[in-house]
>>> print(open('start_13.pdb').read())   # PDB, C-alpha atoms and all ligand atoms
ATOM      1  CA  PRO A   1      -6.766  38.276 105.334
ATOM      2  CA  LYS A   2      -9.175  35.786 103.832
ATOM      3  CA  HIS A   3      -8.359  32.828 106.076
ATOM      4  CA  VAL A   4      -9.697  34.603 109.152
ATOM      5  CA  ASP A   5     -13.264  33.337 108.494
ATOM      6  CA  SER A   6     -12.163  29.950 107.273
ATOM      7  CA  VAL A   7     -12.657  26.477 108.687
ATOM      8  CA  ILE A   8      -9.317  24.765 109.148
ATOM      9  CA  THR A   9      -8.973  21.040 109.753
ATOM     10  CA  PHE A  10      -5.647  19.318 110.210
ATOM     11  CA  VAL A  11      -5.496  15.693 109.122
ATOM     12  CA  LEU A  12      -2.777  13.774 110.937
ATOM     13  CA  GLY A  13      -1.589  10.176 110.942
ATOM     14  CA  GLY A  14       1.507   8.167 110.126
ATOM     15  CA  PRO A  15       2.758   7.297 106.653
ATOM     16  CA  GLY A  16       0.162   5.240 104.814
ATOM     17  CA  SER A  17      -2.467   5.645 107.534
ATOM     18  CA  GLY A  18      -4.983   6.720 104.852
ATOM     19  CA  LYS A  19      -4.993  10.517 105.155
ATOM     20  CA  GLY A  20      -5.099  11.196 101.414
ATOM     21  CA  THR A  21      -7.710   8.505 100.768
ATOM     22  CA  GLN A  22     -10.102   9.798 103.420
ATOM     23  CA  CYS A  23      -9.492  13.443 102.442
ATOM     24  CA  ALA A  24     -10.784  12.620  98.952
ATOM     25  CA  ARG A  25     -13.988  11.281 100.539
ATOM     26  CA  ILE A  26     -14.364  14.366 102.744
ATOM     27  CA  VAL A  27     -13.946  16.642  99.712
ATOM     28  CA  GLU A  28     -16.607  14.681  97.829
ATOM     29  CA  THR A  29     -19.128  14.710 100.677
ATOM     30  CA  PHE A  30     -18.477  17.988 102.466
ATOM     31  CA  GLY A  31     -16.917  20.261  99.842
ATOM     32  CA  PHE A  32     -13.641  21.032 101.542
ATOM     33  CA  LYS A  33     -10.502  22.122  99.693
ATOM     34  CA  HIS A  34      -7.805  19.461 100.140
ATOM     35  CA  LEU A  35      -4.276  20.712 100.736
ATOM     36  CA  SER A  36      -1.762  17.893 101.085
ATOM     37  CA  ALA A  37       1.486  19.381 102.396
ATOM     38  CA  GLY A  38       3.402  16.432 100.920
ATOM     39  CA  ASP A  39       1.797  16.960  97.481
ATOM     40  CA  LEU A  40       2.607  20.689  97.590
ATOM     41  CA  LEU A  41       6.227  19.895  98.436
ATOM     42  CA  ARG A  42       6.478  17.252  95.683
ATOM     43  CA  LYS A  43       5.109  19.810  93.221
ATOM     44  CA  GLU A  44       7.924  22.183  94.174
ATOM     45  CA  VAL A  45      10.450  19.424  93.432
ATOM     46  CA  VAL A  46       8.980  18.790  89.987
ATOM     47  CA  SER A  47       8.869  22.473  89.077
ATOM     48  CA  ALA A  48      12.534  22.791  90.149
ATOM     49  CA  THR A  49      12.061  25.948  92.205
ATOM     50  CA  GLU A  50      14.797  27.321  94.451
ATOM     51  CA  TYR A  51      13.971  24.858  97.245
ATOM     52  CA  GLY A  52      13.423  21.828  94.990
ATOM     53  CA  THR A  53      16.696  20.019  95.700
ATOM     54  CA  MET A  54      16.548  20.653  99.429
ATOM     55  CA  ILE A  55      12.953  19.358  99.551
ATOM     56  CA  LEU A  56      13.814  16.224  97.575
ATOM     57  CA  ASP A  57      16.762  15.420  99.869
ATOM     58  CA  THR A  58      14.587  15.968 102.936
ATOM     59  CA  ILE A  59      11.775  13.724 101.672
ATOM     60  CA  ARG A  60      14.227  11.007 100.691
ATOM     61  CA  GLU A  61      15.545  11.009 104.272
ATOM     62  CA  GLY A  62      12.038  11.037 105.742
ATOM     63  CA  LYS A  63      12.849  14.290 107.545
ATOM     64  CA  ILE A  64      10.763  17.447 107.872
ATOM     65  CA  VAL A  65      11.118  20.390 105.509
ATOM     66  CA  PRO A  66      11.670  23.726 107.330
ATOM     67  CA  SER A  67       8.393  25.206 108.559
ATOM     68  CA  ALA A  68       8.834  28.502 106.739
ATOM     69  CA  VAL A  69       8.828  26.744 103.359
ATOM     70  CA  THR A  70       5.817  24.521 104.041
ATOM     71  CA  VAL A  71       3.716  27.223 105.677
ATOM     72  CA  LYS A  72       4.356  29.536 102.732
ATOM     73  CA  LEU A  73       3.115  26.895 100.275
ATOM     74  CA  ILE A  74      -0.005  26.145 102.337
ATOM     75  CA  LEU A  75      -0.804  29.810 102.793
ATOM     76  CA  ARG A  76      -0.414  30.519  99.094
ATOM     77  CA  GLU A  77      -2.983  27.807  98.307
ATOM     78  CA  MET A  78      -5.388  29.040 100.971
ATOM     79  CA  GLU A  79      -5.196  32.604  99.763
ATOM     80  CA  SER A  80      -5.770  31.719  96.123
ATOM     81  CA  SER A  81      -8.732  29.438  96.850
ATOM     82  CA  ASP A  82     -12.393  30.417  96.560
ATOM     83  CA  ASN A  83     -13.219  27.847  99.195
ATOM     84  CA  HIS A  84     -13.126  28.760 102.865
ATOM     85  CA  LYS A  85     -13.066  25.196 104.242
ATOM     86  CA  PHE A  86      -9.629  23.615 104.259
ATOM     87  CA  LEU A  87      -8.358  20.128 104.947
ATOM     88  CA  ILE A  88      -4.666  20.396 105.633
ATOM     89  CA  ASP A  89      -3.300  16.876 105.178
ATOM     90  CA  GLY A  90       0.017  15.732 106.663
ATOM     91  CA  PHE A  91       0.776  18.989 108.444
ATOM     92  CA  PRO A  92       1.805  20.050 111.111
ATOM     93  CA  ARG A  93       4.372  17.251 111.532
ATOM     94  CA  SER A  94       6.143  18.716 114.544
ATOM     95  CA  GLU A  95       5.557  21.175 117.354
ATOM     96  CA  GLU A  96       7.803  23.563 115.444
ATOM     97  CA  ASN A  97       5.538  23.250 112.355
ATOM     98  CA  ARG A  98       2.471  23.812 114.493
ATOM     99  CA  ILE A  99       3.839  26.887 116.237
ATOM    100  CA  ALA A 100       5.067  28.384 112.945
ATOM    101  CA  PHE A 101       1.625  27.916 111.337
ATOM    102  CA  GLU A 102      -0.146  29.513 114.282
ATOM    103  CA  ARG A 103       2.285  32.422 114.366
ATOM    104  CA  ILE A 104       2.327  33.118 110.625
ATOM    105  CA  THR A 105      -1.412  32.689 109.972
ATOM    106  CA  GLY A 106      -2.701  33.788 113.363
ATOM    107  CA  SER A 107      -5.092  30.799 113.135
ATOM    108  CA  GLU A 108      -5.616  27.548 114.960
ATOM    109  CA  PRO A 109      -7.421  24.577 113.465
ATOM    110  CA  ASP A 110     -11.096  24.214 114.303
ATOM    111  CA  PHE A 111     -10.566  20.496 114.749
ATOM    112  CA  VAL A 112      -8.005  17.813 114.069
ATOM    113  CA  LEU A 113      -8.434  14.275 112.737
ATOM    114  CA  PHE A 114      -5.936  11.639 113.706
ATOM    115  CA  PHE A 115      -5.795   8.351 111.820
ATOM    116  CA  ASP A 116      -4.548   5.844 114.335
ATOM    117  CA  CYS A 117      -2.950   2.893 112.543
ATOM    118  CA  PRO A 118      -0.580   0.112 113.655
ATOM    119  CA  GLU A 119       2.923   0.323 112.183
ATOM    120  CA  GLU A 120       2.814  -3.018 110.385
ATOM    121  CA  GLU A 121      -0.369  -1.978 108.571
ATOM    122  CA  MET A 122       1.188   1.365 107.546
ATOM    123  CA  VAL A 123       4.295  -0.382 106.203
ATOM    124  CA  LYS A 124       2.188  -2.870 104.259
ATOM    125  CA  ARG A 125       0.082  -0.108 102.649
ATOM    126  CA  VAL A 126       3.000   2.109 101.723
ATOM    127  CA  LEU A 127       4.985  -0.765 100.201
ATOM    128  CA  SER A 128       2.044  -1.876  98.080
ATOM    129  CA  ARG A 129       1.107   1.628  96.900
ATOM    130  CA  ASN A 130       3.345   1.589  93.836
ATOM    131  CA  GLN A 131       3.065   5.224  92.757
ATOM    132  CA  GLY A 132       6.774   5.707  92.287
ATOM    133  CA  ARG A 133       7.244   7.879  95.360
ATOM    134  CA  ILE A 134      10.909   8.204  96.208
ATOM    135  CA  ASP A 135      10.153   7.670  99.919
ATOM    136  CA  ASP A 136       8.134   4.455  99.491
ATOM    137  CA  ASN A 137      10.973   2.033 100.160
ATOM    138  CA  ILE A 138      11.582   0.101 103.345
ATOM    139  CA  ASP A 139      14.609   2.160 104.483
ATOM    140  CA  THR A 140      12.848   5.496 104.124
ATOM    141  CA  ILE A 141       9.627   4.121 105.616
ATOM    142  CA  LYS A 142      11.491   3.141 108.786
ATOM    143  CA  LYS A 143      12.849   6.688 109.025
ATOM    144  CA  ARG A 144       9.395   8.194 108.382
ATOM    145  CA  LEU A 145       7.931   6.075 111.170
ATOM    146  CA  LYS A 146      10.632   7.183 113.631
ATOM    147  CA  VAL A 147      10.134  10.849 112.770
ATOM    148  CA  PHE A 148       6.367  10.418 113.057
ATOM    149  CA  GLU A 149       6.621   8.925 116.524
ATOM    150  CA  ALA A 150       9.155  11.410 117.848
ATOM    151  CA  LEU A 151       7.835  14.630 116.325
ATOM    152  CA  ASN A 152       4.220  14.195 115.166
ATOM    153  CA  LEU A 153       2.774  12.403 118.186
ATOM    154  CA  PRO A 154       3.506  15.435 120.429
ATOM    155  CA  VAL A 155       1.315  17.493 118.064
ATOM    156  CA  VAL A 156      -1.449  14.896 118.405
ATOM    157  CA  ASP A 157      -1.123  15.094 122.200
ATOM    158  CA  HIS A 158      -1.289  18.878 122.064
ATOM    159  CA  TYR A 159      -4.614  18.856 120.252
ATOM    160  CA  GLU A 160      -5.949  16.108 122.466
ATOM    161  CA  ARG A 161      -5.300  18.332 125.487
ATOM    162  CA  ARG A 162      -7.003  21.252 123.698
ATOM    163  CA  GLY A 163     -10.100  19.076 123.151
ATOM    164  CA  LYS A 164      -9.800  19.365 119.361
ATOM    165  CA  LEU A 165      -8.725  15.837 118.475
ATOM    166  CA  HIS A 166     -10.912  13.243 116.780
ATOM    167  CA  ARG A 167      -9.141   9.906 116.915
ATOM    168  CA  ILE A 168     -10.142   7.560 114.100
ATOM    169  CA  ASN A 169      -9.368   3.853 114.053
ATOM    170  CA  ALA A 170      -7.633   3.624 110.675
ATOM    171  CA  VAL A 171      -7.930  -0.147 110.319
ATOM    172  CA  GLY A 172     -10.819  -1.447 108.246
ATOM    173  CA  THR A 173     -12.221  -0.829 104.810
ATOM    174  CA  GLU A 174     -12.209   2.686 103.365
ATOM    175  CA  ASP A 175     -15.998   2.783 103.843
ATOM    176  CA  GLU A 176     -15.807   1.688 107.476
ATOM    177  CA  ILE A 177     -13.275   4.370 108.201
ATOM    178  CA  PHE A 178     -15.299   7.045 106.437
ATOM    179  CA  GLU A 179     -18.291   6.146 108.629
ATOM    180  CA  GLN A 180     -16.198   7.255 111.632
ATOM    181  CA  VAL A 181     -15.078  10.418 109.846
ATOM    182  CA  ARG A 182     -18.502  11.487 108.573
ATOM    183  CA  PRO A 183     -20.094  12.445 111.939
ATOM    184  CA  VAL A 184     -17.192  14.762 112.759
ATOM    185  CA  PHE A 185     -17.948  16.853 109.663
ATOM    186  CA  ALA A 186     -21.719  16.376 109.775
ATOM    187  CA  ALA A 187     -21.691  17.980 113.232
ATOM    188  CA  CYS A 188     -19.904  21.075 111.971
ATOM    189  CA  GLU A 189     -22.350  21.509 109.055
ATOM    190  CA  GLN A 190     -25.203  22.430 111.401
TER
HETATM  191  N1  LIG B 201      -5.273   2.542 101.684
HETATM  192  C1  LIG B 201      -5.877   3.665 102.139
HETATM  193  N2  LIG B 201      -6.863   3.365 103.005
HETATM  194  C2  LIG B 201      -6.861   2.005 103.123
HETATM  195  C3  LIG B 201      -7.642   1.074 103.881
HETATM  196  N3  LIG B 201      -8.629   1.491 104.691
HETATM  197  N4  LIG B 201      -7.365  -0.237 103.783
HETATM  198  C4  LIG B 201      -6.346  -0.666 102.945
HETATM  199  N5  LIG B 201      -5.598   0.147 102.202
HETATM  200  C5  LIG B 201      -5.835   1.478 102.289
HETATM  201  O1  LIG B 201      -2.949   5.479 101.677
HETATM  202  C6  LIG B 201      -1.760   4.722 101.566
HETATM  203  C7  LIG B 201      -2.043   3.458 100.750
HETATM  204  O2  LIG B 201      -2.953   2.650 101.487
HETATM  205  C8  LIG B 201      -2.716   3.722  99.400
HETATM  206  O3  LIG B 201      -2.244   2.805  98.468
HETATM  207  C9  LIG B 201      -4.193   3.530  99.672
HETATM  208  O4  LIG B 201      -4.907   3.108  98.536
HETATM  209  C10 LIG B 201      -4.160   2.437 100.739
HETATM  210  P1  LIG B 201      -2.922   7.081 101.618
HETATM  211  O5  LIG B 201      -4.323   7.549 101.694
HETATM  212  O6  LIG B 201      -2.068   7.529 100.504
HETATM  213  O7  LIG B 201      -2.189   7.373 103.022
HETATM  214  P2  LIG B 201      -1.468   8.677 103.553
HETATM  215  O8  LIG B 201      -1.699   8.717 105.015
HETATM  216  O9  LIG B 201      -1.871   9.859 102.752
HETATM  217  O10 LIG B 201       0.055   8.254 103.265
HETATM  218  P3  LIG B 201       1.283   9.140 102.837
HETATM  219  O11 LIG B 201       2.356   8.176 102.443
HETATM  220  O12 LIG B 201       0.886  10.189 101.872
HETATM  221  O13 LIG B 201       1.664   9.797 104.216
HETATM  222  P4  LIG B 201       2.939  10.558 104.644
HETATM  223  O14 LIG B 201       2.521  11.345 105.800
HETATM  224  O15 LIG B 201       4.094   9.672 104.839
HETATM  225  O16 LIG B 201       3.303  11.403 103.325
HETATM  226  P5  LIG B 201       3.194  12.960 102.972
HETATM  227  O17 LIG B 201       2.985  13.050 101.526
HETATM  228  O18 LIG B 201       2.272  13.628 103.881
HETATM  229  O19 LIG B 201       4.674  13.431 103.300
HETATM  230  C11 LIG B 201       5.778  12.896 102.591
HETATM  231  C12 LIG B 201       7.062  13.531 103.074
HETATM  232  O20 LIG B 201       7.037  14.926 102.799
HETATM  233  C13 LIG B 201       7.320  13.458 104.590
HETATM  234  O21 LIG B 201       7.914  12.241 104.984
HETATM  235  C14 LIG B 201       8.283  14.628 104.780
HETATM  236  O22 LIG B 201       9.585  14.290 104.378
HETATM  237  C15 LIG B 201       7.718  15.654 103.812
HETATM  238  N6  LIG B 201       6.768  16.605 104.451
HETATM  239  C16 LIG B 201       7.306  17.629 105.185
HETATM  240  O23 LIG B 201       8.524  17.763 105.332
HETATM  241  N7  LIG B 201       6.459  18.535 105.770
HETATM  242  C17 LIG B 201       5.102  18.443 105.646
HETATM  243  O24 LIG B 201       4.407  19.297 106.194
HETATM  244  C18 LIG B 201       4.568  17.376 104.893
HETATM  245  C19 LIG B 201       5.422  16.466 104.318
HETATM  246 MG    MG B 202      -0.822  11.298 101.572
END
>>> encode(input="start_13.pdb", output="structure tokens")
Amino acid sequence: PKHVDSVITFVLGGPGSGKGTQCARIVETFGFKHLSAGDLLRKEVVSATEYGTMILDTIREGKIVPSAVTVKLILREMESSDNHKFLIDGFPRSEENRIAFERITGSEPDFVLFFDCPEEEMVKRVLSRNQGRIDDNIDTIKKRLKVFEALNLPVVDHYERRGKLHRINAVGTEDEIFEQVRPVFAACEQ
């Protein structure tokens, strides 16, 4: 399959830590294809496919959609893309997600970015985002933060142990944060 020669980057961080914002900058500067797992899932809800209702209920509760569904959506995008450099944003969210991706694709990420952000800053950003997301309310945010800590941080630890993690301080202006991100990608361009 096509993804065998690809460059795969996972972009991790809590809700509102700035993953989507920095991914847009990486796309602009380094020509990656941005795949936001959350955006792909929200698209399924809007197009009312067979999993739409289940996905909506899961997002509203701040829980994690079954790996098989998410991996299928990501893989479909990878396979239909002309690009071979992928930024996978907001996935894997759990060890189960990670293991499913590795098993189904036979690939591991080349490197992993982690946007490290204090909870109060994440809450502030999500509450002031105002894009009508069903999960951007204080009750769901609290649930998202709990799920992040319990299930996503073990994935971060995994990649830290594998020497693949780039920890980014996610507090500061968008430009300041991108100046920490840039060298990670500049190094892999050579
Ligand atoms: N902002 C950005 N950078 C800033 C900065 N430096 N200073 C000040 N403000 C900054 O940013 C959030 C807001 O902060 C924006 O208004 C931005 O302008 C501002 P953004 O870049 O959107 O942050 P991001 O980390 O992308 O936040 P997001 O809310 O998208 O993260 P989540 O991880 O919570 O959301 P996601 O869309 O990935 O997932 C949503 C739900 O889908 C999950 O809770 C889950 O239920 C489900 N899901 C799965 O089940 N499986 C998956 O694999 C993925 C998602
Ligand atoms: Mg996002």
>>> resolve_selection(input="start_13.pdb", expression="the PyMOL selection byres (((not hetatm)) within 8 of (chain B and resi 202))", output="PyMOL selection string")
chain A and resi 15-16+18-21+36+38-39+89-90
>>> atom_distance(input="start_13.pdb", atom1="atom C15 of ligand LIG 201 (chain B)", atom2="atom CA of A:Ile59")
5.0 Å
>>> residues_around(input="start_13.pdb", residues="stretch 95-101 of chain A", least_positions_apart="5", cutoff="10 Å", atoms="all atoms listed in the file", output="ChimeraX atom specification")
/A:64-68,70-72,74-75,106-109,151-156,158
>>> write_last_selection(input="start_13.pdb", atoms="C-alpha atoms", output="PDB file, in the frame of the given file")
ATOM      1  CA  ILE A  64      10.763  17.447 107.872  1.00  0.00           C
ATOM      2  CA  VAL A  65      11.118  20.390 105.509  1.00  0.00           C
ATOM      3  CA  PRO A  66      11.670  23.726 107.330  1.00  0.00           C
ATOM      4  CA  SER A  67       8.393  25.206 108.559  1.00  0.00           C
ATOM      5  CA  ALA A  68       8.834  28.502 106.739  1.00  0.00           C
ATOM      6  CA  THR A  70       5.817  24.521 104.041  1.00  0.00           C
ATOM      7  CA  VAL A  71       3.716  27.223 105.677  1.00  0.00           C
ATOM      8  CA  LYS A  72       4.356  29.536 102.732  1.00  0.00           C
ATOM      9  CA  ILE A  74      -0.005  26.145 102.337  1.00  0.00           C
ATOM     10  CA  LEU A  75      -0.804  29.810 102.793  1.00  0.00           C
ATOM     11  CA  GLY A 106      -2.701  33.788 113.363  1.00  0.00           C
ATOM     12  CA  SER A 107      -5.092  30.799 113.135  1.00  0.00           C
ATOM     13  CA  GLU A 108      -5.616  27.548 114.960  1.00  0.00           C
ATOM     14  CA  PRO A 109      -7.421  24.577 113.465  1.00  0.00           C
ATOM     15  CA  LEU A 151       7.835  14.630 116.325  1.00  0.00           C
ATOM     16  CA  ASN A 152       4.220  14.195 115.166  1.00  0.00           C
ATOM     17  CA  LEU A 153       2.774  12.403 118.186  1.00  0.00           C
ATOM     18  CA  PRO A 154       3.506  15.435 120.429  1.00  0.00           C
ATOM     19  CA  VAL A 155       1.315  17.493 118.064  1.00  0.00           C
ATOM     20  CA  VAL A 156      -1.449  14.896 118.405  1.00  0.00           C
ATOM     21  CA  HIS A 158      -1.289  18.878 122.064  1.00  0.00           C
TER      22      HIS A 158
END
>>> axis_aligned_box(input="start_13.pdb", around="ligand LIG 201 (chain B)", padding_each_side="4 Å", output="AutoDock Vina command-line options")
--center_x 0.5 --center_y 9.3 --center_z 102.3 --size_x 26.2 --size_y 28.0 --size_z 15.7
>>> resolve_selection(input="start_13.pdb", expression="the PyMOL selection byres (((chain A and resi 112) around 6) and not hetatm)", output="PyMOL selection string")
chain A and resi 9-11+111+113+164-165
>>> atom_distance(input="start_13.pdb", atom1="atom CA of A:Gly172", atom2="atom C2 of ligand LIG 201 (chain B)")
7.3 Å
>>> residues_around(input="start_13.pdb", residues="stretch 116-132 of chain A", least_positions_apart="4", cutoff="12 Å", atoms="only C-alpha atoms", output="VMD selection string")
chain A and resid 11 to 19 21 136 to 146 148 to 149 153 156 165 to 172 177
>>> residues_around(input="start_13.pdb", residues="A:Val7", least_positions_apart="4", cutoff="7 Å", atoms="only C-alpha atoms", output="list in words")
His84, Lys85, Phe86 and Asp110 of chain A
>>> closest_residue(input="start_13.pdb", among="A:Val147, A:Leu87, A:Ala48, A:Cys188", to="A:Ala24", atoms="only C-alpha atoms")
A:Leu87
>>> atom_distance(input="start_13.pdb", atom1="atom C19 of ligand LIG 201 (chain B)", atom2="atom CA of A:Phe91")
6.7 Å
>>> closest_residue(input="start_13.pdb", among="A:Glu179, A:Glu189, A:Glu160, A:Asp82", to="ligand LIG 201 (chain B)", atoms="only C-alpha atoms and all ligand atoms")
A:Glu179
